[in-house]
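Trainee: Quick one: the structure is below, questions incoming.
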Amino acid sequence: MSKIDLPKKTMWKAAALAAGLGLAMLSCPVHAAPTSGGDTVQGLYDALLATMKNGRTLGQSGRFTQLEPVIRRSFDIASMARLSVGPSWASLSDGQRQQVTESFTRYISAIYADRFDSYAGQKLQVTGEQPAAAGVMVKSQIIKANGEPVNIDYMMRRNGETWLVSDIYLDGAISEVATRRSEFAAILRNEGIDGLIAALNRKADVLTGTMAKAS
């Protein structure tokens with residue numbers, strides 16, 4: 001083998017390797033950023049269904065571990081936490097806002113992990129979307145195992161190139177944010193923001209089985 005041939009063969013091997021890597025990358029599924037509000041909700045539903053189908057195996061803490069990152073990337077958590085806390089938010093330090101947002105994330109993720117715990121033929125489907133004053137309203141249905149439909153609407157807010165859930169409406173009327181705000185008001189009044197942070201973390205621990213379930 002001449003010295004002149006060696007670099008050429010090395011070059012061709014490198015080119016073949018690069019081509020192979022390129023084909024491998026093309027064949028791997030890529031998690032694309034949602035381009036519509038419906039895409040975000042469908043991504044959430046796909047994750048919920050996958051978790052439900054493995055719900056018993058995963059257990060409470062396993063479902064929480066799978067769903068928490070999905071909640072973080074699908075929900076406008078900072079905005080939902082601010083609106084749920086209400087007027088008290090203005091007086092909080094940056095550290096307190098970060099703490100309450102983190103505990104709120106854990107709490108919401110734990111609620112989803114608890115509610116969507118097993119699969120018995122349920123269907124989660126996006127049925128359409130329409131413009132709204134605050135962004136886009138995504139219409140959806142959850143079909144229970146007994147065939148009963150539950151209408152759930154998602155208020156979506158644009159964030160750069162993607163869409164995030166900013167509120168959820170059960171049967172088009174009951175706002176998730178308004179419910180949480182009412183729920184948090186008494187805690188804030190009696191125990192302050194530190195009491196709320198502790199309460200949210202405690203509830204998340206109970207729902208994920210970190211501590212014994214409350215009676």
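Ligands are numbered from 1 in the order shown, chains are lettered A, B, ... in the order of the structure tokens, and residues start at 1 in each chain.
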Using DSSP assignments from the backbone, pull out every residue in segment 110-213 of chain A that falls under alpha helix (DSSP H) and give it to me as a PyMOL selection string.
Mentor: chain A and resi 110-115+176-207
Trainee: Using only C-alpha atoms, what table do you get, as JSON lines, when you list each residue of segment 19-110 of chain A with an atom no more than 12 Å from segment 141-148 of chain A, its nearest pair of atoms, and their distance in Å rounded to one decimal, rows by chain then rising number?
Mentor:
{"residue": "A:Val41", "atom": "CA", "partner": "A:Gln141", "partner_atom": "CA", "distance": 11.1}
{"residue": "A:Gln42", "atom": "CA", "partner": "A:Gln141", "partner_atom": "CA", "distance": 11.2}
{"residue": "A:Tyr45", "atom": "CA", "partner": "A:Ile142", "partner_atom": "CA", "distance": 9.5}
{"residue": "A:Leu48", "atom": "CA", "partner": "A:Ile142", "partner_atom": "CA", "distance": 11.3}
{"residue": "A:Leu49", "atom": "CA", "partner": "A:Ile142", "partner_atom": "CA", "distance": 10.9}
Trainee: Store the residues of this selection in a file with N, CA, C and O atoms, as a PDB file, in the first residue's frame.
Mentor:
ATOM      1  N   VAL A  41     -51.382  20.281  23.512  1.00  0.00           N
ATOM      2  CA  VAL A  41     -52.347  19.466  24.263  1.00  0.00           C
ATOM      3  C   VAL A  41     -52.260  18.008  23.831  1.00  0.00           C
ATOM      4  O   VAL A  41     -52.314  17.099  24.668  1.00  0.00           O
ATOM      5  N   GLN A  42     -52.100  17.773  22.527  1.00  0.00           N
ATOM      6  CA  GLN A  42     -51.984  16.391  22.054  1.00  0.00           C
ATOM      7  C   GLN A  42     -50.730  15.729  22.620  1.00  0.00           C
ATOM      8  O   GLN A  42     -50.742  14.546  22.984  1.00  0.00           O
ATOM      9  N   TYR A  45     -51.526  14.787  26.104  1.00  0.00           N
ATOM     10  CA  TYR A  45     -52.409  13.616  26.130  1.00  0.00           C
ATOM     11  C   TYR A  45     -51.647  12.329  25.788  1.00  0.00           C
ATOM     12  O   TYR A  45     -51.895  11.276  26.375  1.00  0.00           O
ATOM     13  N   LEU A  48     -49.824  11.359  28.861  1.00  0.00           N
ATOM     14  CA  LEU A  48     -50.745  10.846  29.870  1.00  0.00           C
ATOM     15  C   LEU A  48     -51.170   9.415  29.558  1.00  0.00           C
ATOM     16  O   LEU A  48     -51.195   8.553  30.442  1.00  0.00           O
ATOM     17  N   LEU A  49     -51.493   9.154  28.289  1.00  0.00           N
ATOM     18  CA  LEU A  49     -51.913   7.803  27.896  1.00  0.00           C
ATOM     19  C   LEU A  49     -50.785   6.792  28.107  1.00  0.00           C
ATOM     20  O   LEU A  49     -51.022   5.683  28.605  1.00  0.00           O
TER      21      LEU A  49
END
Trainee: Which residue is closest to Val177 of chain A? Choose from A:Leu164, A:Ala50, A:Met155, A:Ala110 and count only C-alpha atoms.
Mentor: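 Looking only at the distances to Val177 of chain A, the closest residue turns out to be A:Met155.
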Trainee: Which one is closest to Gln130 of chain A: A:Arg115, A:Ile197, A:Gly37, A:Ile187? Count only C-alpha atoms.
Mentor: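 Checking each of A:Arg115, A:Ile197, A:Gly37, A:Ile187 against Gln130 of chain A, counting only C-alpha atoms, the winner is A:Gly37.
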Trainee: Closest to Arg158 of chain A among A:Pro131, A:Pro87, A:Gly95, A:Pro69, using only C-alpha atoms?
Mentor: A:Pro131
Trainee: Report as a count of residues only: the residues of chain A with a DSSP assignment of strand (DSSP E or B), based on the backbone of this structure.
Mentor: 42
Trainee: One decimal, in Å: what's the spacing between atom CA of Trp89 of chain A and atom CA of Ile193 of chain A?
Mentor: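 For atom CA of Trp89 of chain A relative to atom CA of Ile193 of chain A, the distance reads 9.1 Å.
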Trainee: Find the residues near segment 116-118 of chain A: any atom within 10 Å, counting only C-alpha atoms, skip ones fewer than 3 places away on the same chain, and give them as a ChimeraX atom specification.
Mentor: /A:48-60,63-64,111-113,121-122
Trainee: Limited to N, CA, C and O atoms, could you put the picked residues into a file as a PDB file, in the first residue's frame?
Mentor:
ATOM      1  N   LEU A  48     -49.824  11.359  28.861  1.00  0.00           N
ATOM      2  CA  LEU A  48     -50.745  10.846  29.870  1.00  0.00           C
ATOM      3  C   LEU A  48     -51.170   9.415  29.558  1.00  0.00           C
ATOM      4  O   LEU A  48     -51.195   8.553  30.442  1.00  0.00           O
ATOM      5  N   LEU A  49     -51.493   9.154  28.289  1.00  0.00           N
ATOM      6  CA  LEU A  49     -51.913   7.803  27.896  1.00  0.00           C
ATOM      7  C   LEU A  49     -50.785   6.792  28.107  1.00  0.00           C
ATOM      8  O   LEU A  49     -51.022   5.683  28.605  1.00  0.00           O
ATOM      9  N   ALA A  50     -49.564   7.174  27.737  1.00  0.00           N
ATOM     10  CA  ALA A  50     -48.425   6.276  27.913  1.00  0.00           C
ATOM     11  C   ALA A  50     -48.209   5.969  29.391  1.00  0.00           C
ATOM     12  O   ALA A  50     -47.916   4.823  29.771  1.00  0.00           O
ATOM     13  N   THR A  51     -48.370   6.993  30.221  1.00  0.00           N
ATOM     14  CA  THR A  51     -48.201   6.807  31.664  1.00  0.00           C
ATOM     15  C   THR A  51     -49.323   5.944  32.235  1.00  0.00           C
ATOM     16  O   THR A  51     -49.084   5.063  33.063  1.00  0.00           O
ATOM     17  N   MET A  52     -50.554   6.193  31.788  1.00  0.00           N
ATOM     18  CA  MET A  52     -51.695   5.405  32.258  1.00  0.00           C
ATOM     19  C   MET A  52     -51.522   3.922  31.923  1.00  0.00           C
ATOM     20  O   MET A  52     -51.823   3.049  32.745  1.00  0.00           O
ATOM     21  N   LYS A  53     -51.045   3.636  30.727  1.00  0.00           N
ATOM     22  CA  LYS A  53     -50.907   2.245  30.289  1.00  0.00           C
ATOM     23  C   LYS A  53     -49.845   1.491  31.094  1.00  0.00           C
ATOM     24  O   LYS A  53     -49.857   0.263  31.139  1.00  0.00           O
ATOM     25  N   ASN A  54     -48.931   2.240  31.687  1.00  0.00           N
ATOM     26  CA  ASN A  54     -47.900   1.629  32.537  1.00  0.00           C
ATOM     27  C   ASN A  54     -48.073   2.048  33.997  1.00  0.00           C
ATOM     28  O   ASN A  54     -47.143   1.929  34.799  1.00  0.00           O
ATOM     29  N   GLY A  55     -49.282   2.546  34.302  1.00  0.00           N
ATOM     30  CA  GLY A  55     -49.524   3.154  35.599  1.00  0.00           C
ATOM     31  C   GLY A  55     -49.271   2.260  36.788  1.00  0.00           C
ATOM     32  O   GLY A  55     -48.647   2.684  37.771  1.00  0.00           O
ATOM     33  N   ARG A  56     -49.726   1.030  36.719  1.00  0.00           N
ATOM     34  CA  ARG A  56     -49.569   0.113  37.846  1.00  0.00           C
ATOM     35  C   ARG A  56     -48.101  -0.236  38.072  1.00  0.00           C
ATOM     36  O   ARG A  56     -47.631  -0.342  39.207  1.00  0.00           O
ATOM     37  N   THR A  57     -47.389  -0.437  36.971  1.00  0.00           N
ATOM     38  CA  THR A  57     -45.966  -0.774  37.074  1.00  0.00           C
ATOM     39  C   THR A  57     -45.157   0.403  37.614  1.00  0.00           C
ATOM     40  O   THR A  57     -44.273   0.226  38.461  1.00  0.00           O
ATOM     41  N   LEU A  58     -45.471   1.580  37.136  1.00  0.00           N
ATOM     42  CA  LEU A  58     -44.733   2.774  37.546  1.00  0.00           C
ATOM     43  C   LEU A  58     -44.992   3.138  39.003  1.00  0.00           C
ATOM     44  O   LEU A  58     -44.089   3.591  39.705  1.00  0.00           O
ATOM     45  N   GLY A  59     -46.229   2.960  39.438  1.00  0.00           N
ATOM     46  CA  GLY A  59     -46.595   3.383  40.788  1.00  0.00           C
ATOM     47  C   GLY A  59     -46.734   4.896  40.860  1.00  0.00           C
ATOM     48  O   GLY A  59     -46.512   5.615  39.877  1.00  0.00           O
ATOM     49  N   GLN A  60     -47.088   5.387  42.036  1.00  0.00           N
ATOM     50  CA  GLN A  60     -47.336   6.819  42.204  1.00  0.00           C
ATOM     51  C   GLN A  60     -46.104   7.669  41.895  1.00  0.00           C
ATOM     52  O   GLN A  60     -46.165   8.631  41.131  1.00  0.00           O
ATOM     53  N   ARG A  63     -45.069   7.512  38.114  1.00  0.00           N
ATOM     54  CA  ARG A  63     -45.922   8.328  37.243  1.00  0.00           C
ATOM     55  C   ARG A  63     -45.559   9.811  37.387  1.00  0.00           C
ATOM     56  O   ARG A  63     -45.507  10.550  36.401  1.00  0.00           O
ATOM     57  N   PHE A  64     -45.307  10.228  38.611  1.00  0.00           N
ATOM     58  CA  PHE A  64     -44.906  11.616  38.852  1.00  0.00           C
ATOM     59  C   PHE A  64     -43.599  11.932  38.124  1.00  0.00           C
ATOM     60  O   PHE A  64     -43.479  12.970  37.462  1.00  0.00           O
ATOM     61  N   ILE A 111     -50.906  15.958  40.999  1.00  0.00           N
ATOM     62  CA  ILE A 111     -52.343  15.795  40.744  1.00  0.00           C
ATOM     63  C   ILE A 111     -52.561  14.964  39.476  1.00  0.00           C
ATOM     64  O   ILE A 111     -53.377  14.034  39.454  1.00  0.00           O
ATOM     65  N   TYR A 112     -51.821  15.281  38.414  1.00  0.00           N
ATOM     66  CA  TYR A 112     -51.960  14.528  37.163  1.00  0.00           C
ATOM     67  C   TYR A 112     -51.522  13.078  37.350  1.00  0.00           C
ATOM     68  O   TYR A 112     -52.156  12.155  36.827  1.00  0.00           O
ATOM     69  N   ALA A 113     -50.426  12.868  38.081  1.00  0.00           N
ATOM     70  CA  ALA A 113     -49.944  11.507  38.317  1.00  0.00           C
ATOM     71  C   ALA A 113     -50.956  10.687  39.118  1.00  0.00           C
ATOM     72  O   ALA A 113     -51.081   9.473  38.935  1.00  0.00           O
ATOM     73  N   GLY A 121     -59.132   1.692  28.582  1.00  0.00           N
ATOM     74  CA  GLY A 121     -59.782   2.019  27.315  1.00  0.00           C
ATOM     75  C   GLY A 121     -60.190   3.469  27.164  1.00  0.00           C
ATOM     76  O   GLY A 121     -60.890   3.831  26.209  1.00  0.00           O
ATOM     77  N   GLN A 122     -59.760   4.338  28.082  1.00  0.00           N
ATOM     78  CA  GLN A 122     -60.098   5.757  27.979  1.00  0.00           C
ATOM     79  C   GLN A 122     -59.498   6.368  26.701  1.00  0.00           C
ATOM     80  O   GLN A 122     -58.463   5.908  26.205  1.00  0.00           O
TER      81      GLN A 122
END
Trainee: As an exercise, work out the distance from atom CA of Gln125 of chain A to atom CA of Thr101 of chain A in Å and give it to one decimal place.
Mentor: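 Separating atom CA of Gln125 of chain A from atom CA of Thr101 of chain A is a distance of 28.6 Å.
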